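Enquirer: Supplied in structure tokens, the structure appears directly below.
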Amino acid sequence: MAELLRGAPVAASLTEELSYRTRALRSRGIEPTLAIVRVGERSDDLAYERGALKRAERVGLTVQRVLLPADCAQDELIAAIERVNADASVHGCLMFSPLPPHLDEAAARAALDASKDVDGITPGSLFGLYAREAVGFAPCTAEAVVELLERSGVVLEGSRVCVVGRSLVIGRPVSLMLQDRNATVTMCHTRTRNLAEECRRADVLVVAAGHAGTIGADCVSSGQVVVDVGINWDDEAGRLVGDVAFEEVEPLVRAITPVPGGVGAVTTAVLAKHVVEAAERASA
């Protein structure tokens, strides 16, 4: 039976550390503040917002919510973002996406000040990640993968890591972050030839393909650590499942993250971490 790498203990440890850093900032008269920009009321946005608000309370962050109707105009959204940019009391901004289809999401992302972009959505943040410069921040979910691995005692330096998925939200940024920790990374995707063979070679397998059951028993080997970033609703089972066929894979590997209860549990803690870091940078 594999060890379950649960996110809750990692998030709790990170929250405790952040609470100490927040108290240190507040003792200097600095109130770490997150602005949440939400257009409409998508159920997944609302669920994540609830989690972010709870985490912010535990860490000691102040939160300002900027709520716009689903039919808001582009100039209304840009004006809201520009107000966040201009507000020196706001250290970080989380803008929910995807936006309604009538809005230009690329323009909205570009309008946000990279120094306040705590979820790695702006061109400036992505440049900083690729150039290894502290311009913005990495996407929270990608960094949550790394936090979970490191805080679970998984050795990354010198390890062979296979990342399945090439999105700008998870696959590409997490591969760069793992390389920064001296892992040897192979990037794959659903069209990779001999995908199962590539996956079996890895010491650590990170799966962010966006499709339920992409990784089965034929893709893993004993001794592996498997991180499942996928979130999919299984109508037949009536529950959330990952991109890994958990029941097939769990008996064969050394450790695996559950879905739910794995990476997702760490993501809001990383969001809070980025807000604290933004406040520290601004006050340095």
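Convention: chains lettered A, B, ... in structure tokens order; per-chain residue numbering from 1; ligands numbered from 1 as shown.
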Find the residues near Val220 (chain A): any atom within 10 Å, counting only C-alpha atoms, skip ones fewer than 4 places away on the same chain, and give them as a list in words.

Expert: Ala196, Glu197, Glu198, Cys199, Arg200, Arg201, Ala202, Asp203, Val204, Leu205, Ile215, Gly216, Gln224, Val225, Val226, Glu248, Val249, Glu250, Leu252 and Val253 of chain A

Enquirer: Keeping only N, CA and C atoms, write the selected residues as an mmCIF file, in the first residue's frame.

Expert:
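again-v3.cif written:
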data_model
loop_
_atom_site.group_PDB
_atom_site.id
_atom_site.type_symbol
_atom_site.label_atom_id
_atom_site.label_comp_id
_atom_site.auth_asym_id
_atom_site.auth_seq_id
_atom_site.Cartn_x
_atom_site.Cartn_y
_atom_site.Cartn_z
ATOM 1 N N ALA A 196 3.606 5.769 -21.628
ATOM 2 C CA ALA A 196 3.727 4.880 -20.472
ATOM 3 C C ALA A 196 5.197 4.588 -20.164
ATOM 4 N N GLU A 197 5.982 4.357 -21.199
ATOM 5 C CA GLU A 197 7.406 4.073 -21.012
ATOM 6 C C GLU A 197 8.133 5.268 -20.404
ATOM 7 N N GLU A 198 7.833 6.463 -20.902
ATOM 8 C CA GLU A 198 8.453 7.669 -20.352
ATOM 9 C C GLU A 198 8.097 7.837 -18.876
ATOM 10 N N CYS A 199 6.847 7.592 -18.541
ATOM 11 C CA CYS A 199 6.405 7.742 -17.158
ATOM 12 C C CYS A 199 7.084 6.731 -16.232
ATOM 13 N N ARG A 200 7.240 5.504 -16.694
ATOM 14 C CA ARG A 200 7.806 4.455 -15.841
ATOM 15 C C ARG A 200 9.258 4.735 -15.460
ATOM 16 N N ARG A 201 9.969 5.505 -16.288
ATOM 17 C CA ARG A 201 11.383 5.787 -16.022
ATOM 18 C C ARG A 201 11.589 6.746 -14.843
ATOM 19 N N ALA A 202 10.555 7.482 -14.484
ATOM 20 C CA ALA A 202 10.707 8.574 -13.522
ATOM 21 C C ALA A 202 10.741 8.086 -12.079
ATOM 22 N N ASP A 203 11.436 8.872 -11.254
ATOM 23 C CA ASP A 203 11.365 8.682 -9.801
ATOM 24 C C ASP A 203 10.128 9.381 -9.252
ATOM 25 N N VAL A 204 9.817 10.539 -9.846
ATOM 26 C CA VAL A 204 8.645 11.322 -9.449
ATOM 27 C C VAL A 204 7.814 11.591 -10.693
ATOM 28 N N LEU A 205 6.524 11.317 -10.617
ATOM 29 C CA LEU A 205 5.617 11.511 -11.745
ATOM 30 C C LEU A 205 4.569 12.554 -11.354
ATOM 31 N N ILE A 215 -3.407 8.309 -16.581
ATOM 32 C CA ILE A 215 -2.312 7.468 -16.098
ATOM 33 C C ILE A 215 -2.880 6.250 -15.389
ATOM 34 N N GLY A 216 -2.557 5.072 -15.928
ATOM 35 C CA GLY A 216 -2.995 3.818 -15.331
ATOM 36 C C GLY A 216 -1.826 2.985 -14.863
ATOM 37 N N GLN A 224 8.039 4.694 -7.130
ATOM 38 C CA GLN A 224 7.716 6.027 -7.625
ATOM 39 C C GLN A 224 6.883 6.828 -6.633
ATOM 40 N N VAL A 225 7.017 8.164 -6.758
ATOM 41 C CA VAL A 225 6.125 9.108 -6.081
ATOM 42 C C VAL A 225 5.254 9.727 -7.171
ATOM 43 N N VAL A 226 3.941 9.653 -7.003
ATOM 44 C CA VAL A 226 3.006 10.150 -8.009
ATOM 45 C C VAL A 226 2.213 11.320 -7.438
ATOM 46 N N GLU A 248 -5.941 1.663 -9.560
ATOM 47 C CA GLU A 248 -4.959 0.847 -10.280
ATOM 48 C C GLU A 248 -3.534 1.144 -9.832
ATOM 49 N N VAL A 249 -3.265 2.407 -9.608
ATOM 50 C CA VAL A 249 -1.887 2.862 -9.411
ATOM 51 C C VAL A 249 -1.425 2.763 -7.967
ATOM 52 N N GLU A 250 -2.311 3.048 -7.031
ATOM 53 C CA GLU A 250 -1.920 3.128 -5.616
ATOM 54 C C GLU A 250 -1.199 1.879 -5.092
ATOM 55 N N LEU A 252 0.820 0.006 -6.555
ATOM 56 C CA LEU A 252 2.069 -0.263 -7.260
ATOM 57 C C LEU A 252 3.199 0.712 -6.941
ATOM 58 N N VAL A 253 2.881 1.864 -6.342
ATOM 59 C CA VAL A 253 3.877 2.921 -6.180
ATOM 60 C C VAL A 253 4.208 3.126 -4.704
#

Enquirer: Within region 8-48 of chain A, find each residue whose DSSP state, derived from the backbone, is strand (DSSP E or B), and express the selection as a VMD selection string.

Expert: chain A and resid 33 to 39

Enquirer: Write the selection just made, keeping N, CA and C atoms, as a PDB file, in the first residue's frame?

Expert:
ATOM      1  N   THR A  33      -2.368  42.543   2.464  1.00  0.00           N
ATOM      2  CA  THR A  33      -3.733  42.614   1.933  1.00  0.00           C
ATOM      3  C   THR A  33      -3.834  41.974   0.557  1.00  0.00           C
ATOM      4  N   LEU A  34      -4.858  41.146   0.395  1.00  0.00           N
ATOM      5  CA  LEU A  34      -5.173  40.490  -0.869  1.00  0.00           C
ATOM      6  C   LEU A  34      -6.438  41.092  -1.445  1.00  0.00           C
ATOM      7  N   ALA A  35      -6.417  41.442  -2.721  1.00  0.00           N
ATOM      8  CA  ALA A  35      -7.631  41.837  -3.449  1.00  0.00           C
ATOM      9  C   ALA A  35      -8.072  40.667  -4.321  1.00  0.00           C
ATOM     10  N   ILE A  36      -9.338  40.317  -4.223  1.00  0.00           N
ATOM     11  CA  ILE A  36      -9.913  39.267  -5.062  1.00  0.00           C
ATOM     12  C   ILE A  36     -10.813  39.939  -6.092  1.00  0.00           C
ATOM     13  N   VAL A  37     -10.488  39.760  -7.367  1.00  0.00           N
ATOM     14  CA  VAL A  37     -11.299  40.303  -8.451  1.00  0.00           C
ATOM     15  C   VAL A  37     -12.086  39.151  -9.066  1.00  0.00           C
ATOM     16  N   ARG A  38     -13.405  39.214  -8.942  1.00  0.00           N
ATOM     17  CA  ARG A  38     -14.250  38.132  -9.471  1.00  0.00           C
ATOM     18  C   ARG A  38     -15.340  38.722 -10.353  1.00  0.00           C
ATOM     19  N   VAL A  39     -15.472  38.148 -11.546  1.00  0.00           N
ATOM     20  CA  VAL A  39     -16.526  38.543 -12.483  1.00  0.00           C
ATOM     21  C   VAL A  39     -17.569  37.432 -12.509  1.00  0.00           C
TER      22      VAL A  39
END

Enquirer: With region 176-188 of chain A as the partner and 9 Å as the cut-off, tabulate the residues of region 98-136 of chain A that qualify, each row holding the nearest pair of atoms and their distance in Å to one decimal, using only C-alpha atoms, sorted by chain and rising number, as a tab-separated table.

Expert:
residue	atom	partner	partner_atom	distance
A:Leu129	CA	A:Leu176	CA	7.7
A:Tyr130	CA	A:Leu176	CA	7.2
A:Arg132	CA	A:Asp180	CA	8.7

Enquirer: Which residues, written as a list in words, have at least one atom at most 10 Å from Ala212 (chain A), with only C-alpha atoms counted and residues fewer than 3 positions away on the same chain left out?

Expert: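 Non-adjacent residues within range: Ala208, Ala209, Ile215, Gly230, Ile231, Asn232, Trp233, Asp234, Leu240, Val241, Gly242, Asp243, Val244 and Ala245 of chain A.
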
Enquirer: Next, dump the selected residues to file, keeping only N, CA and C atoms, as a PDB file, in the first residue's frame.

Expert:
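Listed below is the output, part-v2.pdb:
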ATOM      1  N   ALA A 208      -0.653  16.373 -14.785  1.00  0.00           N
ATOM      2  CA  ALA A 208      -1.562  17.514 -14.924  1.00  0.00           C
ATOM      3  C   ALA A 208      -2.055  17.557 -16.359  1.00  0.00           C
ATOM      4  N   ALA A 209      -2.644  16.441 -16.791  1.00  0.00           N
ATOM      5  CA  ALA A 209      -3.055  16.291 -18.184  1.00  0.00           C
ATOM      6  C   ALA A 209      -4.437  16.857 -18.466  1.00  0.00           C
ATOM      7  N   ILE A 215      -3.407   8.309 -16.581  1.00  0.00           N
ATOM      8  CA  ILE A 215      -2.312   7.468 -16.098  1.00  0.00           C
ATOM      9  C   ILE A 215      -2.880   6.250 -15.389  1.00  0.00           C
ATOM     10  N   GLY A 230      -4.824  16.562 -11.218  1.00  0.00           N
ATOM     11  CA  GLY A 230      -6.105  16.610 -11.922  1.00  0.00           C
ATOM     12  C   GLY A 230      -7.301  16.723 -11.001  1.00  0.00           C
ATOM     13  N   ILE A 231      -8.310  17.461 -11.470  1.00  0.00           N
ATOM     14  CA  ILE A 231      -9.613  17.560 -10.786  1.00  0.00           C
ATOM     15  C   ILE A 231     -10.688  17.352 -11.847  1.00  0.00           C
ATOM     16  N   ASN A 232     -11.369  16.226 -11.785  1.00  0.00           N
ATOM     17  CA  ASN A 232     -12.402  15.893 -12.769  1.00  0.00           C
ATOM     18  C   ASN A 232     -13.624  15.337 -12.031  1.00  0.00           C
ATOM     19  N   TRP A 233     -14.802  15.650 -12.546  1.00  0.00           N
ATOM     20  CA  TRP A 233     -16.018  15.106 -11.947  1.00  0.00           C
ATOM     21  C   TRP A 233     -16.411  13.839 -12.689  1.00  0.00           C
ATOM     22  N   ASP A 234     -16.537  12.746 -11.948  1.00  0.00           N
ATOM     23  CA  ASP A 234     -16.931  11.462 -12.514  1.00  0.00           C
ATOM     24  C   ASP A 234     -18.431  11.275 -12.273  1.00  0.00           C
ATOM     25  N   LEU A 240     -15.324  13.469  -7.231  1.00  0.00           N
ATOM     26  CA  LEU A 240     -14.142  14.012  -7.902  1.00  0.00           C
ATOM     27  C   LEU A 240     -13.077  12.938  -8.048  1.00  0.00           C
ATOM     28  N   VAL A 241     -12.413  12.945  -9.198  1.00  0.00           N
ATOM     29  CA  VAL A 241     -11.301  12.023  -9.431  1.00  0.00           C
ATOM     30  C   VAL A 241     -10.164  12.809 -10.073  1.00  0.00           C
ATOM     31  N   GLY A 242      -8.976  12.238 -10.043  1.00  0.00           N
ATOM     32  CA  GLY A 242      -7.824  12.893 -10.634  1.00  0.00           C
ATOM     33  C   GLY A 242      -7.565  12.433 -12.048  1.00  0.00           C
ATOM     34  N   ASP A 243      -6.370  12.749 -12.534  1.00  0.00           N
ATOM     35  CA  ASP A 243      -5.939  12.298 -13.857  1.00  0.00           C
ATOM     36  C   ASP A 243      -5.301  10.915 -13.782  1.00  0.00           C
ATOM     37  N   VAL A 244      -5.086  10.432 -12.573  1.00  0.00           N
ATOM     38  CA  VAL A 244      -4.501   9.109 -12.342  1.00  0.00           C
ATOM     39  C   VAL A 244      -5.610   8.151 -11.909  1.00  0.00           C
ATOM     40  N   ALA A 245      -5.589   6.958 -12.477  1.00  0.00           N
ATOM     41  CA  ALA A 245      -6.534   5.913 -12.055  1.00  0.00           C
ATOM     42  C   ALA A 245      -6.063   5.386 -10.699  1.00  0.00           C
TER      43      ALA A 245
END

Enquirer: To test your reading of the structure, identify every residue in region 16-264 of chain A that backbone DSSP assigns to alpha helix (DSSP H), and report it as JSON, numbers by chain.

Expert: {"A": [16, 17, 18, 19, 20, 21, 22, 23, 24, 25, 26, 27, 43, 44, 45, 46, 47, 48, 49, 50, 51, 52, 53, 54, 55, 56, 57, 58, 59, 74, 75, 76, 77, 78, 79, 80, 81, 82, 83, 84, 85, 86, 105, 106, 107, 108, 109, 110, 111, 123, 124, 125, 126, 127, 128, 129, 130, 131, 140, 141, 142, 143, 144, 145, 146, 147, 148, 149, 150, 151, 171, 172, 173, 174, 175, 176, 177, 178, 179, 180, 195, 196, 197, 198, 199, 200, 246, 247, 248, 249, 264]}

Enquirer: Pick the closest to Leu18 (chain A) from A:Asp87, A:Glu57, A:Glu82, A:Glu133: which is it, counting only C-alpha atoms?

Expert: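 Ranked by minimum distance to Leu18 (chain A), first place goes to A:Glu57.
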
Enquirer: Got a sec: who's within 8 Å of region 112-121 of chain A, counting only C-alpha atoms, leaving out chain neighbours fewer than 6 positions off, as a ChimeraX atom specification?

Expert: /A:81-82,85,90-94,135-140,169,271,274-275,278

Enquirer: Considering only C-alpha atoms, can you say which of A:Leu4, A:Ser27, A:Ala70, A:Phe96 comes closest to Asp44 (chain A)?

Expert: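 Smallest distance to Asp44 (chain A) is found for A:Phe96.
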
Enquirer: Between CA of Ala80 (chain A) and CA of Val66 (chain A), what distance in Å does the model show, to one decimal?

Expert: 7.5 Å

Enquirer: Nearest residue to Pro32 (chain A) out of A:Leu156, A:Ala279, A:Ala284, A:Cys72, using only C-alpha atoms?

Expert: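 Among the listed residues, A:Ala279 lies closest to Pro32 (chain A).
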
Enquirer: Which residue gives the smallest distance to Pro100 (chain A) among A:Thr122, A:Thr257, A:Gln74, A:Ser222, with only C-alpha atoms counted?

Expert: A:Gln74
